[in-house]
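One file, model_3.pdb, carrying PDB, C-alpha atoms and all ligand atoms:
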ATOM      1  CA  MET A 261      58.185 -16.963 -13.644
ATOM      2  CA  THR A 262      59.238 -14.349 -11.052
ATOM      3  CA  THR A 263      60.868 -11.212 -12.378
ATOM      4  CA  LYS A 264      64.586 -11.122 -11.698
ATOM      5  CA  THR A 265      66.550  -8.074 -10.586
ATOM      6  CA  ALA A 266      70.030  -7.005 -11.694
ATOM      7  CA  TRP A 267      72.182  -4.247 -10.191
ATOM      8  CA  ILE A 268      74.308  -2.807 -12.982
ATOM      9  CA  THR A 269      77.001  -0.354 -11.905
ATOM     10  CA  GLY A 270      78.322   2.191 -14.408
ATOM     11  CA  ALA A 271      74.945   2.287 -16.141
ATOM     12  CA  THR A 272      75.300   5.805 -17.549
ATOM     13  CA  SER A 273      77.340   4.866 -20.623
ATOM     14  CA  GLY A 274      79.151   2.138 -22.542
ATOM     15  CA  PHE A 275      78.774  -1.483 -21.453
ATOM     16  CA  GLY A 276      76.588  -0.604 -18.476
ATOM     17  CA  ALA A 277      74.025   1.421 -20.437
ATOM     18  CA  ALA A 278      73.848  -1.300 -23.100
ATOM     19  CA  ALA A 279      73.410  -3.944 -20.397
ATOM     20  CA  VAL A 280      70.509  -2.002 -18.876
ATOM     21  CA  GLU A 281      68.834  -1.968 -22.281
ATOM     22  CA  ARG A 282      69.453  -5.725 -22.779
ATOM     23  CA  PHE A 283      68.181  -6.795 -19.367
ATOM     24  CA  VAL A 284      65.104  -4.574 -19.498
ATOM     25  CA  ALA A 285      64.313  -5.969 -22.961
ATOM     26  CA  GLY A 286      64.625  -9.442 -21.439
ATOM     27  CA  GLY A 287      62.063  -8.611 -18.763
ATOM     28  CA  TRP A 288      64.396  -8.065 -15.799
ATOM     29  CA  ARG A 289      64.166  -5.252 -13.282
ATOM     30  CA  VAL A 290      67.353  -3.187 -13.185
ATOM     31  CA  ILE A 291      68.962  -1.062 -10.510
ATOM     32  CA  ALA A 292      71.077   1.361 -12.535
ATOM     33  CA  SER A 293      73.869   3.229 -10.758
ATOM     34  CA  GLY A 294      76.432   5.838 -11.758
ATOM     35  CA  ARG A 295      77.302   9.431 -10.970
ATOM     36  CA  ARG A 296      75.481  11.180 -13.829
ATOM     37  CA  ALA A 297      71.946  11.467 -12.473
ATOM     38  CA  GLU A 298      70.475  12.960 -15.650
ATOM     39  CA  ARG A 299      71.537   9.935 -17.702
ATOM     40  CA  LEU A 300      70.036   7.571 -15.140
ATOM     41  CA  GLN A 301      66.810   9.572 -15.190
ATOM     42  CA  LYS A 302      66.661   9.108 -18.976
ATOM     43  CA  LEU A 303      66.731   5.337 -18.432
ATOM     44  CA  VAL A 304      63.841   5.600 -15.970
ATOM     45  CA  ASP A 305      61.946   7.828 -18.416
ATOM     46  CA  ALA A 306      62.577   5.368 -21.267
ATOM     47  CA  TYR A 307      61.749   2.117 -19.479
ATOM     48  CA  GLY A 308      59.568   3.146 -16.544
ATOM     49  CA  ALA A 309      60.052   3.204 -12.784
ATOM     50  CA  ASP A 310      58.668  -0.334 -12.488
ATOM     51  CA  GLN A 311      61.594  -1.684 -14.495
ATOM     52  CA  VAL A 312      64.462   0.686 -13.710
ATOM     53  CA  HIS A 313      65.432   2.100 -10.324
ATOM     54  CA  ALA A 314      68.087   4.809 -10.574
ATOM     55  CA  CYS A 315      70.753   5.309  -7.902
ATOM     56  CA  ALA A 316      72.968   8.312  -8.551
ATOM     57  CA  PHE A 317      76.093   8.315  -6.416
ATOM     58  CA  ASP A 318      79.856   7.989  -6.594
ATOM     59  CA  ILE A 319      80.643   4.319  -6.075
ATOM     60  CA  ARG A 320      83.742   5.292  -4.055
ATOM     61  CA  ASP A 321      81.444   6.848  -1.425
ATOM     62  CA  GLU A 322      80.693   3.952   0.933
ATOM     63  CA  ALA A 323      78.074   5.880   2.922
ATOM     64  CA  ALA A 324      76.186   6.732  -0.280
ATOM     65  CA  LEU A 325      76.402   3.107  -1.400
ATOM     66  CA  ARG A 326      75.028   1.864   1.919
ATOM     67  CA  ALA A 327      72.205   4.433   1.743
ATOM     68  CA  ALA A 328      71.342   3.327  -1.810
ATOM     69  CA  ILE A 329      71.106  -0.287  -0.651
ATOM     70  CA  ASP A 330      69.084   0.572   2.447
ATOM     71  CA  THR A 331      66.548   2.595   0.454
ATOM     72  CA  LEU A 332      65.896   0.169  -2.402
ATOM     73  CA  PRO A 333      62.167  -0.029  -3.159
ATOM     74  CA  PRO A 334      60.751  -3.415  -2.044
ATOM     75  CA  ALA A 335      60.365  -4.663  -5.637
ATOM     76  CA  PHE A 336      64.100  -4.107  -6.220
ATOM     77  CA  ALA A 337      65.396  -5.275  -2.824
ATOM     78  CA  GLY A 338      66.048  -8.916  -3.745
ATOM     79  CA  ILE A 339      69.041  -9.082  -6.067
ATOM     80  CA  ASP A 340      69.685 -11.919  -8.517
ATOM     81  CA  LEU A 341      72.636 -10.436 -10.375
ATOM     82  CA  LEU A 342      75.371  -7.919  -9.626
ATOM     83  CA  VAL A 343      77.199  -6.596 -12.690
ATOM     84  CA  ASN A 344      80.342  -4.913 -11.389
ATOM     85  CA  ASN A 345      80.986  -2.748 -14.425
ATOM     86  CA  ALA A 346      81.754   0.771 -13.112
ATOM     87  CA  GLY A 347      85.391   1.484 -13.709
ATOM     88  CA  LEU A 348      87.919   3.542 -15.589
ATOM     89  CA  ALA A 349      91.429   3.983 -16.842
ATOM     90  CA  LEU A 350      93.102   7.358 -16.379
ATOM     91  CA  GLY A 351      96.196   8.279 -18.334
ATOM     92  CA  THR A 352      98.537   6.414 -20.633
ATOM     93  CA  ALA A 353     101.858   7.649 -19.262
ATOM     94  CA  PRO A 354     104.534   5.197 -18.138
ATOM     95  CA  ALA A 355     104.669   4.609 -14.383
ATOM     96  CA  GLN A 356     107.606   6.942 -13.848
ATOM     97  CA  GLN A 357     105.641   9.865 -15.305
ATOM     98  CA  ALA A 358     102.146   8.922 -14.168
ATOM     99  CA  ASP A 359      99.892  11.006 -11.932
ATOM    100  CA  LEU A 360      99.583   9.504  -8.455
ATOM    101  CA  ALA A 361      96.086  10.964  -7.977
ATOM    102  CA  GLN A 362      94.950   9.134 -11.111
ATOM    103  CA  TRP A 363      96.424   5.880  -9.798
ATOM    104  CA  ARG A 364      94.509   6.332  -6.544
ATOM    105  CA  GLN A 365      91.243   7.060  -8.365
ATOM    106  CA  MET A 366      91.581   3.872 -10.419
ATOM    107  CA  ILE A 367      92.334   1.780  -7.336
ATOM    108  CA  ASP A 368      89.499   3.368  -5.335
ATOM    109  CA  THR A 369      86.994   2.778  -8.158
ATOM    110  CA  ASN A 370      88.073  -0.448  -9.852
ATOM    111  CA  VAL A 371      89.241  -2.285  -6.739
ATOM    112  CA  THR A 372      87.997  -0.841  -3.433
ATOM    113  CA  ALA A 373      84.497   0.147  -4.550
ATOM    114  CA  LEU A 374      84.004  -3.095  -6.486
ATOM    115  CA  ALA A 375      84.989  -5.155  -3.447
ATOM    116  CA  THR A 376      82.797  -3.035  -1.158
ATOM    117  CA  ILE A 377      79.576  -3.329  -3.173
ATOM    118  CA  THR A 378      80.215  -7.037  -3.617
ATOM    119  CA  HIS A 379      80.635  -7.529   0.128
ATOM    120  CA  LEU A 380      77.511  -5.531   0.926
ATOM    121  CA  LEU A 381      75.323  -7.400  -1.588
ATOM    122  CA  LEU A 382      76.597 -10.929  -0.929
ATOM    123  CA  PRO A 383      73.889 -11.807   1.634
ATOM    124  CA  ARG A 384      71.147 -10.895  -0.873
ATOM    125  CA  LEU A 385      72.896 -12.750  -3.698
ATOM    126  CA  ILE A 386      73.299 -15.864  -1.553
ATOM    127  CA  GLU A 387      69.633 -15.713  -0.542
ATOM    128  CA  ARG A 388      68.615 -15.722  -4.237
ATOM    129  CA  ARG A 389      71.341 -18.159  -5.432
ATOM    130  CA  GLY A 390      72.265 -15.296  -7.715
ATOM    131  CA  ALA A 391      75.250 -14.349  -9.857
ATOM    132  CA  ILE A 392      78.092 -11.852 -10.030
ATOM    133  CA  VAL A 393      79.547 -10.735 -13.354
ATOM    134  CA  ASN A 394      82.718  -8.724 -12.925
ATOM    135  CA  ILE A 395      83.979  -6.627 -15.817
ATOM    136  CA  SER A 396      87.719  -7.109 -15.864
ATOM    137  CA  SER A 397      89.890  -6.543 -18.946
ATOM    138  CA  ILE A 398      92.583  -8.086 -21.091
ATOM    139  CA  ALA A 399      94.730  -5.388 -19.451
ATOM    140  CA  GLY A 400      94.747  -7.631 -16.374
ATOM    141  CA  SER A 401      96.465 -10.415 -18.325
ATOM    142  CA  TYR A 402      98.565  -8.703 -21.006
ATOM    143  CA  PRO A 403     100.944  -5.918 -19.996
ATOM    144  CA  TYR A 404     101.294  -2.898 -22.255
ATOM    145  CA  ARG A 405     103.050   0.451 -21.974
ATOM    146  CA  GLY A 406     101.040   2.814 -19.801
ATOM    147  CA  GLY A 407      98.799   0.038 -18.526
ATOM    148  CA  ASN A 408     100.544   0.049 -15.122
ATOM    149  CA  VAL A 409      97.923   0.585 -12.397
ATOM    150  CA  TYR A 410      94.894   0.124 -14.658
ATOM    151  CA  GLY A 411      96.117  -3.364 -15.616
ATOM    152  CA  GLY A 412      96.882  -4.051 -11.970
ATOM    153  CA  THR A 413      93.333  -3.178 -10.926
ATOM    154  CA  LYS A 414      91.919  -5.503 -13.580
ATOM    155  CA  ALA A 415      94.217  -8.357 -12.515
ATOM    156  CA  PHE A 416      92.646  -7.864  -9.087
ATOM    157  CA  VAL A 417      89.155  -8.097 -10.584
ATOM    158  CA  THR A 418      89.975 -11.345 -12.377
ATOM    159  CA  GLN A 419      91.612 -13.011  -9.370
ATOM    160  CA  PHE A 420      88.962 -11.704  -6.960
ATOM    161  CA  SER A 421      86.377 -13.369  -9.197
ATOM    162  CA  HIS A 422      88.166 -16.724  -9.024
ATOM    163  CA  ASN A 423      88.612 -16.456  -5.254
ATOM    164  CA  LEU A 424      84.952 -15.478  -4.758
ATOM    165  CA  ARG A 425      83.928 -18.623  -6.611
ATOM    166  CA  VAL A 426      85.898 -20.729  -4.173
ATOM    167  CA  ASP A 427      84.458 -19.027  -1.098
ATOM    168  CA  LEU A 428      80.920 -19.225  -2.476
ATOM    169  CA  HIS A 429      81.268 -22.935  -3.202
ATOM    170  CA  GLY A 430      78.015 -24.714  -2.428
ATOM    171  CA  THR A 431      75.906 -21.550  -2.188
ATOM    172  CA  GLY A 432      74.707 -21.769  -5.787
ATOM    173  CA  VAL A 433      76.027 -18.253  -6.454
ATOM    174  CA  ARG A 434      77.820 -18.046  -9.792
ATOM    175  CA  VAL A 435      80.791 -15.758 -10.423
ATOM    176  CA  SER A 436      82.199 -14.765 -13.797
ATOM    177  CA  SER A 437      84.967 -12.519 -15.034
ATOM    178  CA  ILE A 438      84.561 -10.952 -18.467
ATOM    179  CA  GLU A 439      87.806  -9.698 -19.948
ATOM    180  CA  PRO A 440      87.182  -7.525 -23.000
ATOM    181  CA  GLY A 441      89.801  -6.112 -25.305
ATOM    182  CA  MET A 442      89.406  -2.913 -27.299
ATOM    183  CA  ALA A 443      85.817  -1.670 -27.135
ATOM    184  CA  GLU A 444      84.463   1.659 -28.340
ATOM    185  CA  THR A 445      82.683   3.417 -25.483
ATOM    186  CA  GLU A 446      83.495   6.578 -23.527
ATOM    187  CA  PHE A 447      86.465   4.669 -22.073
ATOM    188  CA  THR A 448      89.175   6.404 -24.122
ATOM    189  CA  LEU A 449      87.507   9.787 -23.803
ATOM    190  CA  VAL A 450      87.740   9.371 -20.018
ATOM    191  CA  ARG A 451      91.265   7.975 -20.160
ATOM    192  CA  THR A 452      92.557  10.906 -22.211
ATOM    193  CA  GLY A 453      90.727  13.605 -20.244
ATOM    194  CA  GLY A 454      88.184  14.277 -23.003
ATOM    195  CA  ASP A 455      90.297  14.003 -26.169
ATOM    196  CA  GLN A 456      87.665  12.995 -28.742
ATOM    197  CA  ALA A 457      90.222  13.011 -31.591
ATOM    198  CA  ALA A 458      92.450  10.540 -29.733
ATOM    199  CA  SER A 459      89.473   8.317 -29.057
ATOM    200  CA  ASP A 460      88.324   8.429 -32.687
ATOM    201  CA  GLN A 461      91.850   7.714 -33.901
ATOM    202  CA  LEU A 462      92.239   4.669 -31.644
ATOM    203  CA  TYR A 463      89.111   2.986 -32.923
ATOM    204  CA  ALA A 464      89.278   4.110 -36.571
ATOM    205  CA  GLY A 465      89.268   1.156 -38.939
ATOM    206  CA  ALA A 466      89.688  -1.363 -36.105
ATOM    207  CA  HIS A 467      86.118  -2.656 -35.900
ATOM    208  CA  PRO A 468      86.298  -2.652 -32.084
ATOM    209  CA  ILE A 469      83.972  -4.513 -29.748
ATOM    210  CA  THR A 470      80.714  -2.614 -29.236
ATOM    211  CA  ALA A 471      78.928  -2.000 -25.951
ATOM    212  CA  GLY A 472      76.096  -4.157 -27.264
ATOM    213  CA  ASP A 473      78.498  -7.087 -27.786
ATOM    214  CA  ILE A 474      79.473  -7.041 -24.107
ATOM    215  CA  ALA A 475      75.860  -6.566 -22.983
ATOM    216  CA  GLU A 476      74.978  -9.682 -24.959
ATOM    217  CA  ALA A 477      77.808 -11.629 -23.285
ATOM    218  CA  ILE A 478      76.592 -10.561 -19.825
ATOM    219  CA  TRP A 479      73.041 -11.546 -20.764
ATOM    220  CA  TRP A 480      74.210 -14.956 -22.015
ATOM    221  CA  ILE A 481      76.206 -15.676 -18.847
ATOM    222  CA  ALA A 482      73.377 -14.587 -16.557
ATOM    223  CA  ASN A 483      70.788 -16.710 -18.329
ATOM    224  CA  LEU A 484      72.669 -19.990 -18.611
ATOM    225  CA  PRO A 485      71.134 -22.932 -16.764
ATOM    226  CA  PRO A 486      71.975 -22.793 -13.025
ATOM    227  CA  HIS A 487      74.368 -25.756 -13.228
ATOM    228  CA  LEU A 488      76.775 -23.851 -15.507
ATOM    229  CA  ASN A 489      79.342 -21.240 -14.443
ATOM    230  CA  ILE A 490      81.451 -19.293 -16.913
ATOM    231  CA  ASN A 491      84.629 -18.699 -14.924
ATOM    232  CA  ARG A 492      86.245 -16.259 -17.325
ATOM    233  CA  LEU A 493      85.451 -14.991 -20.779
ATOM    234  CA  GLU A 494      88.164 -13.182 -22.732
ATOM    235  CA  ILE A 495      86.859 -11.332 -25.786
ATOM    236  CA  MET A 496      88.867  -9.374 -28.351
ATOM    237  CA  PRO A 497      87.906  -7.808 -31.636
ATOM    238  CA  THR A 498      89.215  -9.916 -34.511
ATOM    239  CA  SER A 499      91.472  -6.990 -35.402
ATOM    240  CA  GLN A 500      93.344  -7.185 -32.058
ATOM    241  CA  SER A 501      95.880  -9.764 -30.895
ATOM    242  CA  ALA A 502      98.621  -9.904 -28.306
ATOM    243  CA  ALA A 503     102.164  -9.177 -29.435
ATOM    244  CA  GLY A 504     105.263  -9.182 -27.710
ATOM    245  CA  LEU A 505     108.184  -8.860 -25.542
ATOM    246  CA  GLN A 506     110.679  -6.034 -25.800
ATOM    247  CA  VAL A 507     114.461  -5.927 -25.404
ATOM    248  CA  ALA A 508     116.504  -2.897 -24.352
ATOM    249  CA  ARG A 509     120.024  -3.106 -25.833
ATOM    250  CA  ASP A 510     123.294  -1.417 -24.966
ATOM    251  CA  ARG A 511     124.194   0.984 -27.735
TER     252      ARG A 511
HETATM  253  P1  LIG A 601      82.529   4.138 -20.057
HETATM  254  O1  LIG A 601      83.443   5.236 -19.701
HETATM  255  O2  LIG A 601      81.637   4.298 -21.229
HETATM  256  O3  LIG A 601      81.628   3.725 -18.791
HETATM  257  C1  LIG A 601      82.175   3.706 -17.494
HETATM  258  C2  LIG A 601      81.056   3.700 -16.479
HETATM  259  O4  LIG A 601      81.635   3.637 -15.163
HETATM  260  C3  LIG A 601      80.196   4.952 -16.548
HETATM  261  O5  LIG A 601      78.845   4.606 -16.451
HETATM  262  C4  LIG A 601      80.632   5.733 -15.322
HETATM  263  O6  LIG A 601      79.525   6.463 -14.792
HETATM  264  C5  LIG A 601      81.015   4.609 -14.358
HETATM  265  N1  LIG A 601      81.886   5.107 -13.302
HETATM  266  C6  LIG A 601      83.182   5.496 -13.415
HETATM  267  N2  LIG A 601      83.617   5.989 -12.252
HETATM  268  C7  LIG A 601      82.566   5.920 -11.381
HETATM  269  C8  LIG A 601      82.382   6.317 -10.031
HETATM  270  N3  LIG A 601      83.374   6.867  -9.303
HETATM  271  N4  LIG A 601      81.178   6.108  -9.459
HETATM  272  C9  LIG A 601      80.171   5.552 -10.159
HETATM  273  N5  LIG A 601      80.290   5.157 -11.440
HETATM  274  C10 LIG A 601      81.476   5.357 -12.049
HETATM  275  O7  LIG A 601      83.479   2.864 -20.273
HETATM  276  P2  LIG A 601      83.157   1.315 -20.547
HETATM  277  O8  LIG A 601      81.731   1.038 -20.714
HETATM  278  O9  LIG A 601      84.099   0.893 -21.604
HETATM  279  O10 LIG A 601      83.697   0.702 -19.176
HETATM  280  C11 LIG A 601      82.963  -0.178 -18.376
HETATM  281  C12 LIG A 601      83.925  -1.157 -17.731
HETATM  282  O11 LIG A 601      84.541  -1.935 -18.751
HETATM  283  C13 LIG A 601      85.070  -0.495 -16.956
HETATM  284  O12 LIG A 601      85.273  -1.222 -15.761
HETATM  285  C14 LIG A 601      86.270  -0.651 -17.896
HETATM  286  O13 LIG A 601      87.476  -0.693 -17.196
HETATM  287  C15 LIG A 601      85.938  -1.974 -18.550
HETATM  288  N6  LIG A 601      86.568  -2.265 -19.811
HETATM  289  C16 LIG A 601      86.461  -1.415 -20.889
HETATM  290  C17 LIG A 601      87.065  -1.751 -22.097
HETATM  291  C18 LIG A 601      87.051  -0.845 -23.276
HETATM  292  O14 LIG A 601      87.935  -0.990 -24.168
HETATM  293  N7  LIG A 601      86.089   0.071 -23.388
HETATM  294  C19 LIG A 601      87.749  -3.033 -22.291
HETATM  295  C20 LIG A 601      87.812  -3.845 -21.096
HETATM  296  C21 LIG A 601      87.220  -3.478 -19.935
HETATM  297  P3  LIG A 601      79.575   7.994 -14.303
HETATM  298  O15 LIG A 601      80.704   8.670 -15.026
HETATM  299  O16 LIG A 601      78.219   8.540 -14.656
HETATM  300  O17 LIG A 601      79.791   7.885 -12.837
HETATM  301  C1  LIG A 602      90.391  -1.751 -21.741
HETATM  302  C2  LIG A 602      91.149  -2.546 -22.751
HETATM  303  O1  LIG A 602      93.428  -2.795 -23.837
HETATM  304  O2  LIG A 602      92.512  -0.542 -23.632
HETATM  305  O3  LIG A 602      90.370  -2.416 -20.538
HETATM  306  O4  LIG A 602      93.353  -1.700 -21.696
HETATM  307  S1  LIG A 602      92.693  -1.874 -22.975
END

Once you've parsed the file, please lay out its structure as C-alpha cells.
Amino acid sequence: MTTKTAWITGATSGFGAAAVERFVAGGWRVIASGRRAERLQKLVDAYGADQVHACAFDIRDEAALRAAIDTLPPAFAGIDLLVNNAGLALGTAPAQQADLAQWRQMIDTNVTALATITHLLLPRLIERRGAIVNISSIAGSYPYRGGNVYGGTKAFVTQFSHNLRVDLHGTGVRVSSIEPGMAETEFTLVRTGGDQAASDQLYAGAHPITAGDIAEAIWWIANLPPHLNINRLEIMPTSQSAAGLQVARDR
C-alpha cells in the first residue's frame, strides 16, 4: 500500500496537533503547518523528517503559503487529504462592542485563508482522488451572544464544504464538514487573550470534547471506503445542548 499524505493546518496545538499524532500513528506522512515554528520542530523531532514535514508560516500570508506548496519535498508533494483546521475565535463581546480588527483577523484566517489553501491544493487533491476535512463549528449553526463574526465564519466553512462537494462531483474527491461543540484546547485561551482562569472555568466539570476525540473523527472520515462521504458531522459533549430563544420586553 502506498503511503498517504495529509496536510494538517493549525498543527501546533489542539485538534491539529492531535490529528498529526493520529495520522502519523496510522502510517501517513503529514505536512504540519502553523505559525509557531518551535512546536512544529518538536513534531519533526518526535516523528522524524520522513513522516512529518513542517511548514511554519501565517496562513493569511498567501505568498508564504504558495512558497510552502512550491517547496514541498517530493515525498510530500502528492496530497491525499487536506485538513482545514487552522482557525480562531477572538473576543466574546456583542457586535456593538466588538473590536473590528479582531473581526477582520477571524475572517482573514477562518474564511479567506481556508478558501485560498483549498483552491491552491485542489489540483493535487483531484489528481489523488483525495479528501478535504474542514473544521467548522456548532457556532455556524447555533447563534449565541458574542458569537457574531466567529459564528459567521464557521457558517461559511460549513456551506463552502457543501458547495465544494457539488463542484467536485465525479472527481472522487470527498468533502466533509466537522462541527464540534465545546472542546478543551487553547481555543478559549486565544479567544480571551490569554486568560487561563477563564478557560479553566469554562471547561470545569463539563467533560468537554478532547482534541483526541476530534482527531479520531478526522481519522475515521479519512479512512472510510472511497464510496462513502460524510457530508457533515456535528459533535457535542454530552454535557452541552442547544437552548433557546430570547425575548426583550417593554418594562
Ligand atoms: P487551538 O487554539 O488549540 O489551535 C488553533 C490552531 O490554529 C493552532 O495550531 C494555531 O497555530 C492555528 N492558527 C491560528 N491562526 C493561524 C494563522 N494565522 N496562521 C496559521 N495557523 C494559525 O484551537 P482548536 O484546536 O480548538 O481549534 C482548531 C479549529 O477548531 C479552529 O478552526 C476552531 O475554530 C475549531 N473549533 C474549535 C472548537 C473548540 O471548542 N475548541 C469547537 C469547534 C471548532 P499557531 O498559533 O501556531 O499559528
Ligand atoms: C467553538 C465552539 O461553542 O465555543 O467553535 O463557539 S463554541

I'd like the neighbourhood of Leu385 in chain A as a PyMOL selection string, where a residue qualifies if any of its atoms comes within 9 Å (using all atoms listed in the file), though same-chain residues fewer than 3 positions away should be ignored. chain A and resi 338-342+381-382+388-392+433

Export of prior selection with C-alpha atoms as an mmCIF file, in the coordinates of the input:
data_model
loop_
_atom_site.group_PDB
_atom_site.id
_atom_site.type_symbol
_atom_site.label_atom_id
_atom_site.label_comp_id
_atom_site.auth_asym_id
_atom_site.auth_seq_id
_atom_site.Cartn_x
_atom_site.Cartn_y
_atom_site.Cartn_z
ATOM 1 C CA GLY A 338 66.048 -8.916 -3.745
ATOM 2 C CA ILE A 339 69.041 -9.082 -6.067
ATOM 3 C CA ASP A 340 69.685 -11.919 -8.517
ATOM 4 C CA LEU A 341 72.636 -10.436 -10.375
ATOM 5 C CA LEU A 342 75.371 -7.919 -9.626
ATOM 6 C CA LEU A 381 75.323 -7.400 -1.588
ATOM 7 C CA LEU A 382 76.597 -10.929 -0.929
ATOM 8 C CA ARG A 388 68.615 -15.722 -4.237
ATOM 9 C CA ARG A 389 71.341 -18.159 -5.432
ATOM 10 C CA GLY A 390 72.265 -15.296 -7.715
ATOM 11 C CA ALA A 391 75.250 -14.349 -9.857
ATOM 12 C CA ILE A 392 78.092 -11.852 -10.030
ATOM 13 C CA VAL A 433 76.027 -18.253 -6.454
#

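For the pair atom C7 of ligand LIG 601 (chain A) and CA of Ala285 in chain A, the interatomic distance is 24.7 Å.
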
Can you turn the PyMOL selection byres (((chain A and resi 311) around 8) and not hetatm) into a concrete residue list for this file, as JSON, numbers by chain? {"A": [284, 288, 289, 290, 304, 307, 308, 309, 310, 312, 313]}

Could you work out an axis-aligned bounding box for all listed atoms of ligand LIG 602 (chain A), with 4 Å added on each of the six sides, and give its centre and edge lengths in Å to one decimal, as lines of an AutoDock Vina configuration file?
center_x = 91.9
center_y = -1.7
center_z = -22.2
size_x = 11.1
size_y = 10.3
size_z = 11.3

Given the file shown, enumerate the residues that the PyMOL selection byres (((not hetatm)) within 6 of (chain A and resi 602)) captures and present them as a list in words. Ser397, Ile398, Ala399, Gly441 and Met442 of chain A
